[in-house]
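Here the structure comes first, spelled out in structure tokens, and everything after it is commentary.
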Number of protein chains: 2
Amino acid sequence: MTSRKAPTMKDVAKEAGVALGTVSKVINGIPVSEKNRLKVEAAIRALNYEVNTYARGLKTQKSNLVALIIPNTTNPFFAAFTDHIEAALYKRGLRLLLCCADGIPQKEIDYLNMAANNKVDGIIALTYSDIGKFIPPSLPIVVFDRFFENRVIPRVASDNFSGGCLAVEKLLEFGCRHPIYIRFHSVFPGESDKRRDGYLYACEKYGLTPDYIDEVDTDDALSIMKDFIRKHRRPDNSLTFDGVFSHTDYHGYMFYQLLLSEGVRVPQDVQIIGFDGIRKFGNRQDDLFISSICQPVEQLAEKCVEILTSEDSVTPPSLTLLPAYYQYGGTTRDPAALR
Amino acid sequence: MTSRKAPTMKDVAKEAGVALGTVSKVINGIPVSEKNRLKVEAAIRALNYEVNTYARGLKTQKSNLVALIIPNTTNPFFAAFTDHIEAALYKRGLRLLLCCADGIPQKEIDYLNMAANNKVDGIIALTYSDIGKFIPPSLPIVVFDRFFENRVIPRVASDNFSGGCLAVEKLLEFGCRHPIYIRFHSVFPGESDKRRDGYLYACEKYGLTPDYIDEVDTDDALSIMKDFIRKHRRPDNSLTFDGVFSHTDYHGYMFYQLLLSEGVRVPQDVQIIGFDGIRKFGNRQDDLFISSICQPVEQLAEKCVEILTSEDSVTPPSLTLLPAYYQYGGTTRDPAALR
DNA sequence: CTGTTAGCGCTTTCAC
DNA sequence: GTGAAAGCGCTAACAG
């Protein structure tokens, strides 16, 4: 793979009949006589000149590149996040270096190392493993959701606690009496843990007895769910719960399918609210898989980039929480969803 | 956003007590005396040195960066493609510059321009608009699916024609007598147009009368479908078709939902096969939305990268087609799917 | 094999 | 204002 030989600033200078420095000034918006500016601009167009990023980067130690470290892009939430990060960066003239780490610590560290060495100007990280100690000092970084102990790193997340409360409140509003909570979580701590806290808080507040599945994520989630349902059958086969707040849409949908397959009617017998706001084919207008507390993905991405790009000038907040919102997705008796 | 001041090769040379060139040789795997190699390696570790990408890029005109130009990452097919491209590049020590062009021609051209000017070593493009004439000459490029007239560009795609045939054959195998075809297509020509040709060919071959929706993609797809269904009702309200081959899973699923809402039983009354192989939450193990002719995304991505990275040494095939395969997804009477 | 050196294309002084 | 020139850190060519 060989790159094309592009015209250099020198070529432009010759074409325009001015000095090299003048061309540089025009390009960098430094005042130059009107006459020369026009000549240079004409020459640039004539030669279809563009700045060589490496030469500039060598000089300025800036690349206009930002690395996004993310487990993958196939998960619809990550996919949407990536998409909006790209847009937010593009708006600012920055480019996105996509690093899918697959939750493989070595790959995350690999990418972090690369990032540390003059390749990118900043990092946005949404990681699974515990890479805190590998984060290069003094390279601007923003993390989504995760928390690292060894260093204060600006974090951005949804307001998971309020989201958890909201889920319960919506279920109550739609007539539930016994909302349960189900989660299959990662072993690493993050802001999303607060969804559970929100559930528990709301239970306390509204005088409900908490009841839940709270397990480390496993391939066996389905059988754990089956087991849970079996144990919550009354003698007449009805269920002791009538609402489900699922930590994620993914498991909520799984639970939904399971209930259907067992003849439970959703939302008549049991209502379900998930978390994330995953849309079926990824389009913003697409249906949700289930009713959900939606993360404001676009705003989250925008906020990450905003904080990252301002780290030089202002001390960023160590934690920024954006509100999540409820949206109907077919698994709630939502009167607003009259159709 | 300021980058850290990293140690330079000069620092390493001083630390190791050798010349600059020797350090360079060690780093680039050029033979050096065992003794010096060890000294240099020790110094590199001691200083935690890593090559400055810009300096190297300036010199070699290579960046180890490949741009992927794609409409977005939210579409699950694009998301999976992106994911596998990243993996294929990473394997080869290359990095991925992600360019989501949203089908906006200006953004595609923008990115193409950037690519042309010493920023990336190659381009993988999956574009919507007609950017053929903006593709920089002599920059390695591979396009997925699309065809550009002005220049011979290596293309990679699924074998859409065979896939179209396969869809019909599967429907027949599962008992259909009257398979229809539905598509809402882009205005730009591409390999995926051959799905239709495959359908028509199979109809001819098996003595079927083709019947289809074939419209330019529109927000109005749903009402076009409704209309089509209404016109295909017999007096007794039964349908004149019993199989559907949808150009995409997306519209196939839409048609599926529509049929269900009209009381048609799927797959008992009508069977549906889509195209793409979209999985519900993006995981490789997840269920399909509907039975589908699946594109071999991983192999397609791998092939794109393989061709791109070998463009210097060999003349790449101008078209590479990879076979698509059928998979059960709930909307066919597939005896193999006994459950 | 080793050390020295000339740039790669750009930004940024510095005299003019 | 402008033009000339010194590097940024590296690779590659060259002489030793």
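Every chain in the structure tokens takes a letter, A first, then B, and so on in the order presented; its residues are numbered from 1, and the ligands are numbered from 1 following the presented order.
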
Any idea which chain C residues end up within 9 Å of chain A if we count only C-alpha atoms (C1' of nucleotides), as a JSON list (two decimals) with N, CA and C atoms (P, O5', C5', C4', C3', O3' and C1' of nucleotides), in the first residue's frame please?
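New file out35.json:
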```json
[["chain", "number", "residue", "atom", "x", "y", "z"],
["C", 8, "DC", "P", 13.26, 16.40, 0.95],
["C", 8, "DC", "O5'", 12.07, 15.65, 1.68],
["C", 8, "DC", "C5'", 11.72, 14.30, 1.37],
["C", 8, "DC", "C4'", 10.71, 13.84, 2.39],
["C", 8, "DC", "C3'", 9.65, 14.90, 2.69],
["C", 8, "DC", "O3'", 8.49, 14.61, 1.91],
["C", 8, "DC", "C1'", 10.55, 13.90, 4.72],
["C", 9, "DG", "P", 7.90, 15.70, 0.94],
["C", 9, "DG", "O5'", 7.12, 16.64, 1.95],
["C", 9, "DG", "C5'", 6.02, 16.10, 2.67],
["C", 9, "DG", "C4'", 5.62, 17.09, 3.74],
["C", 9, "DG", "C3'", 5.28, 18.49, 3.21],
["C", 9, "DG", "O3'", 4.02, 18.84, 3.77],
["C", 9, "DG", "C1'", 6.84, 18.63, 4.97],
["C", 10, "DC", "P", 3.37, 20.24, 3.61],
["C", 10, "DC", "O5'", 3.65, 20.84, 5.05],
["C", 10, "DC", "C5'", 2.98, 20.27, 6.17],
["C", 10, "DC", "C4'", 3.63, 20.71, 7.44],
["C", 10, "DC", "C3'", 3.41, 22.17, 7.79],
["C", 10, "DC", "O3'", 2.35, 22.24, 8.74],
["C", 10, "DC", "C1'", 5.68, 21.48, 8.17],
["C", 11, "DT", "P", 1.75, 23.66, 9.14],
["C", 11, "DT", "O5'", 2.75, 24.13, 10.27],
["C", 11, "DT", "C5'", 2.72, 23.44, 11.53],
["C", 11, "DT", "C4'", 3.77, 24.04, 12.45],
["C", 11, "DT", "C3'", 3.49, 25.46, 12.90],
["C", 11, "DT", "O3'", 3.78, 25.49, 14.29],
["C", 11, "DT", "C1'", 5.63, 25.36, 11.95],
["C", 12, "DT", "P", 3.30, 26.69, 15.19],
["C", 12, "DT", "O5'", 4.65, 27.44, 15.53],
["C", 12, "DT", "C5'", 5.85, 26.69, 15.69],
["C", 12, "DT", "C4'", 7.05, 27.61, 15.64],
["C", 12, "DT", "C3'", 6.75, 29.07, 16.01],
["C", 12, "DT", "O3'", 7.77, 29.51, 16.88],
["C", 12, "DT", "C1'", 7.89, 28.96, 13.96]]
```

Select, as a ChimeraX atom specification, those residues of chain D with any atom no more than 9 Å from chain B (distances computed using only C-alpha atoms (C1' of nucleotides)).
/D:8-11

Residues of chain B were defined as contacting chain A if any atom lay at most 7 Å from it, counting only C-alpha atoms; please report them as a count of residues only.
41

Atom pair atom CA of A:Ser192 / atom CA of A:Leu94: separation (Å)
28.7 Å

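Those residues that approach B:Ala46 to within 12 Å, counting only C-alpha atoms (C1' of nucleotides), are Pro7, Asp11, Val12, Ala13, Glu15, Ala16, Lys39, Val40, Glu41, Ala42, Ala43, Ile44, Asn48, Tyr49 and Glu50 of chain B; same-chain residues fewer than 2 positions away are not listed.
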
Preceding selection exported with C-alpha atoms as a PDB file, in the first residue's frame:
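So the final result, stored in selection.pdb, reads:
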```pdb
ATOM      1  CA  PRO B   7      11.550  10.039  24.758  1.00  0.00           C
ATOM      2  CA  ASP B  11      17.488   9.553  23.937  1.00  0.00           C
ATOM      3  CA  VAL B  12      17.540   5.819  23.443  1.00  0.00           C
ATOM      4  CA  ALA B  13      20.798   6.032  21.497  1.00  0.00           C
ATOM      5  CA  GLU B  15      21.100   5.751  26.956  1.00  0.00           C
ATOM      6  CA  ALA B  16      22.357   2.706  25.088  1.00  0.00           C
ATOM      7  CA  LYS B  39      21.806  -2.662  24.884  1.00  0.00           C
ATOM      8  CA  VAL B  40      19.267  -0.901  22.707  1.00  0.00           C
ATOM      9  CA  GLU B  41      16.432  -3.108  23.835  1.00  0.00           C
ATOM     10  CA  ALA B  42      17.339  -2.445  27.434  1.00  0.00           C
ATOM     11  CA  ALA B  43      17.410   1.296  26.817  1.00  0.00           C
ATOM     12  CA  ILE B  44      14.045   1.148  25.087  1.00  0.00           C
ATOM     13  CA  ASN B  48       9.617   3.192  27.862  1.00  0.00           C
ATOM     14  CA  TYR B  49      10.320   4.398  24.372  1.00  0.00           C
ATOM     15  CA  GLU B  50       7.974   3.999  21.452  1.00  0.00           C
TER      16      GLU B  50
END
```

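The protein and nucleic acid residues lying at most 12 Å from D:DA13 are Gly21 of chain B; DT4, DT5, DA6 and DG7 of chain C, with only C-alpha atoms (C1' of nucleotides) considered and sequence neighbours fewer than 3 positions away removed.
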
For D:DA4, find every residue with an atom within 9 Å (counting only C-alpha atoms (C1' of nucleotides)), except residues of its own chain fewer than 5 positions away, and show them as a PyMOL selection string.
(chain A and resi 19+21) or (chain C and resi 14-15)

Tell me, which residues of stretch 103-176 of chain B carry DSSP helix (DSSP H, G or I), written as a PyMOL selection string?
chain B and resi 105-119+132-134+160-173

Could those selected residues go to a file with N, CA and C atoms, as an mmCIF file, in the first residue's frame?
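Contents of selection_19.cif, freshly written:
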```cif
data_model
loop_
_atom_site.group_PDB
_atom_site.id
_atom_site.type_symbol
_atom_site.label_atom_id
_atom_site.label_comp_id
_atom_site.auth_asym_id
_atom_site.auth_seq_id
_atom_site.Cartn_x
_atom_site.Cartn_y
_atom_site.Cartn_z
ATOM 1 N N PRO B 105 -22.936 12.974 0.508
ATOM 2 C CA PRO B 105 -21.845 12.984 -0.469
ATOM 3 C C PRO B 105 -20.686 13.877 -0.037
ATOM 4 N N GLN B 106 -21.024 15.054 0.511
ATOM 5 C CA GLN B 106 -19.946 15.971 0.873
ATOM 6 C C GLN B 106 -19.036 15.381 1.942
ATOM 7 N N LYS B 107 -19.640 14.625 2.840
ATOM 8 C CA LYS B 107 -18.836 14.026 3.906
ATOM 9 C C LYS B 107 -17.978 12.895 3.335
ATOM 10 N N GLU B 108 -18.544 12.157 2.400
ATOM 11 C CA GLU B 108 -17.773 11.098 1.752
ATOM 12 C C GLU B 108 -16.583 11.697 1.011
ATOM 13 N N ILE B 109 -16.833 12.772 0.308
ATOM 14 C CA ILE B 109 -15.764 13.425 -0.453
ATOM 15 C C ILE B 109 -14.714 13.995 0.494
ATOM 16 N N ASP B 110 -15.199 14.604 1.562
ATOM 17 C CA ASP B 110 -14.323 15.113 2.614
ATOM 18 C C ASP B 110 -13.344 14.051 3.092
ATOM 19 N N TYR B 111 -13.909 12.941 3.430
ATOM 20 C CA TYR B 111 -13.096 11.853 3.965
ATOM 21 C C TYR B 111 -12.155 11.307 2.900
ATOM 22 N N LEU B 112 -12.654 11.254 1.679
ATOM 23 C CA LEU B 112 -11.837 10.774 0.580
ATOM 24 C C LEU B 112 -10.644 11.704 0.372
ATOM 25 N N ASN B 113 -10.902 12.987 0.443
ATOM 26 C CA ASN B 113 -9.832 13.956 0.297
ATOM 27 C C ASN B 113 -8.791 13.795 1.379
ATOM 28 N N MET B 114 -9.274 13.689 2.580
ATOM 29 C CA MET B 114 -8.383 13.493 3.701
ATOM 30 C C MET B 114 -7.526 12.248 3.476
ATOM 31 N N ALA B 115 -8.198 11.206 3.036
ATOM 32 C CA ALA B 115 -7.507 9.948 2.805
ATOM 33 C C ALA B 115 -6.408 10.112 1.763
ATOM 34 N N ALA B 116 -6.712 10.922 0.768
ATOM 35 C CA ALA B 116 -5.770 11.087 -0.329
ATOM 36 C C ALA B 116 -4.509 11.806 0.111
ATOM 37 N N ASN B 117 -4.601 12.540 1.192
ATOM 38 C CA ASN B 117 -3.479 13.377 1.559
ATOM 39 C C ASN B 117 -2.739 12.859 2.787
ATOM 40 N N ASN B 118 -2.034 11.804 2.557
ATOM 41 C CA ASN B 118 -1.076 11.309 3.530
ATOM 42 C C ASN B 118 -1.667 10.959 4.873
ATOM 43 N N LYS B 119 -2.896 10.715 4.916
ATOM 44 C CA LYS B 119 -3.432 10.393 6.230
ATOM 45 C C LYS B 119 -3.610 8.890 6.390
ATOM 46 N N GLY B 132 -17.538 7.938 -7.179
ATOM 47 C CA GLY B 132 -16.518 7.347 -8.028
ATOM 48 C C GLY B 132 -15.455 8.321 -8.487
ATOM 49 N N LYS B 133 -15.897 9.498 -8.926
ATOM 50 C CA LYS B 133 -14.938 10.413 -9.532
ATOM 51 C C LYS B 133 -14.043 11.111 -8.521
ATOM 52 N N PHE B 134 -14.353 10.933 -7.252
ATOM 53 C CA PHE B 134 -13.534 11.594 -6.238
ATOM 54 C C PHE B 134 -12.502 10.665 -5.615
ATOM 55 N N ASN B 160 -24.653 -12.385 -4.485
ATOM 56 C CA ASN B 160 -26.056 -12.035 -4.339
ATOM 57 C C ASN B 160 -26.962 -12.796 -5.304
ATOM 58 N N PHE B 161 -26.432 -13.040 -6.479
ATOM 59 C CA PHE B 161 -27.245 -13.772 -7.465
ATOM 60 C C PHE B 161 -27.574 -15.171 -6.955
ATOM 61 N N SER B 162 -26.539 -15.891 -6.566
ATOM 62 C CA SER B 162 -26.763 -17.232 -6.029
ATOM 63 C C SER B 162 -27.623 -17.177 -4.777
ATOM 64 N N GLY B 163 -27.413 -16.133 -3.987
ATOM 65 C CA GLY B 163 -28.215 -15.967 -2.779
ATOM 66 C C GLY B 163 -29.687 -15.802 -3.109
ATOM 67 N N GLY B 164 -29.961 -15.044 -4.151
ATOM 68 C CA GLY B 164 -31.341 -14.856 -4.586
ATOM 69 C C GLY B 164 -31.962 -16.169 -5.038
ATOM 70 N N CYS B 165 -31.188 -16.936 -5.798
ATOM 71 C CA CYS B 165 -31.657 -18.261 -6.222
ATOM 72 C C CYS B 165 -31.923 -19.129 -5.006
ATOM 73 N N LEU B 166 -30.968 -19.110 -4.106
ATOM 74 C CA LEU B 166 -31.052 -19.961 -2.921
ATOM 75 C C LEU B 166 -32.318 -19.663 -2.123
ATOM 76 N N ALA B 167 -32.642 -18.391 -2.013
ATOM 77 C CA ALA B 167 -33.845 -18.004 -1.274
ATOM 78 C C ALA B 167 -35.072 -18.675 -1.889
ATOM 79 N N VAL B 168 -35.179 -18.582 -3.204
ATOM 80 C CA VAL B 168 -36.323 -19.188 -3.883
ATOM 81 C C VAL B 168 -36.310 -20.703 -3.696
ATOM 82 N N GLU B 169 -35.142 -21.286 -3.871
ATOM 83 C CA GLU B 169 -35.056 -22.747 -3.750
ATOM 84 C C GLU B 169 -35.442 -23.219 -2.350
ATOM 85 N N LYS B 170 -35.021 -22.459 -1.349
ATOM 86 C CA LYS B 170 -35.374 -22.827 0.024
ATOM 87 C C LYS B 170 -36.879 -22.724 0.223
ATOM 88 N N LEU B 171 -37.464 -21.641 -0.271
ATOM 89 C CA LEU B 171 -38.909 -21.471 -0.131
ATOM 90 C C LEU B 171 -39.650 -22.626 -0.802
ATOM 91 N N LEU B 172 -39.181 -23.007 -1.991
ATOM 92 C CA LEU B 172 -39.812 -24.131 -2.681
ATOM 93 C C LEU B 172 -39.631 -25.416 -1.873
ATOM 94 N N GLU B 173 -38.436 -25.601 -1.399
ATOM 95 C CA GLU B 173 -38.123 -26.796 -0.615
ATOM 96 C C GLU B 173 -39.045 -26.909 0.599
#
```

Quote the spacing between atom CA of B:Tyr212 and atom CA of B:Tyr328 in Å to one decimal place.
22.6 Å

Please, which residues of stretch 90-124 of chain A, numbered as in this document, come out strand (DSSP E or B) from DSSP, as a VMD selection string?
chain A and resid 95 to 100 122 to 124
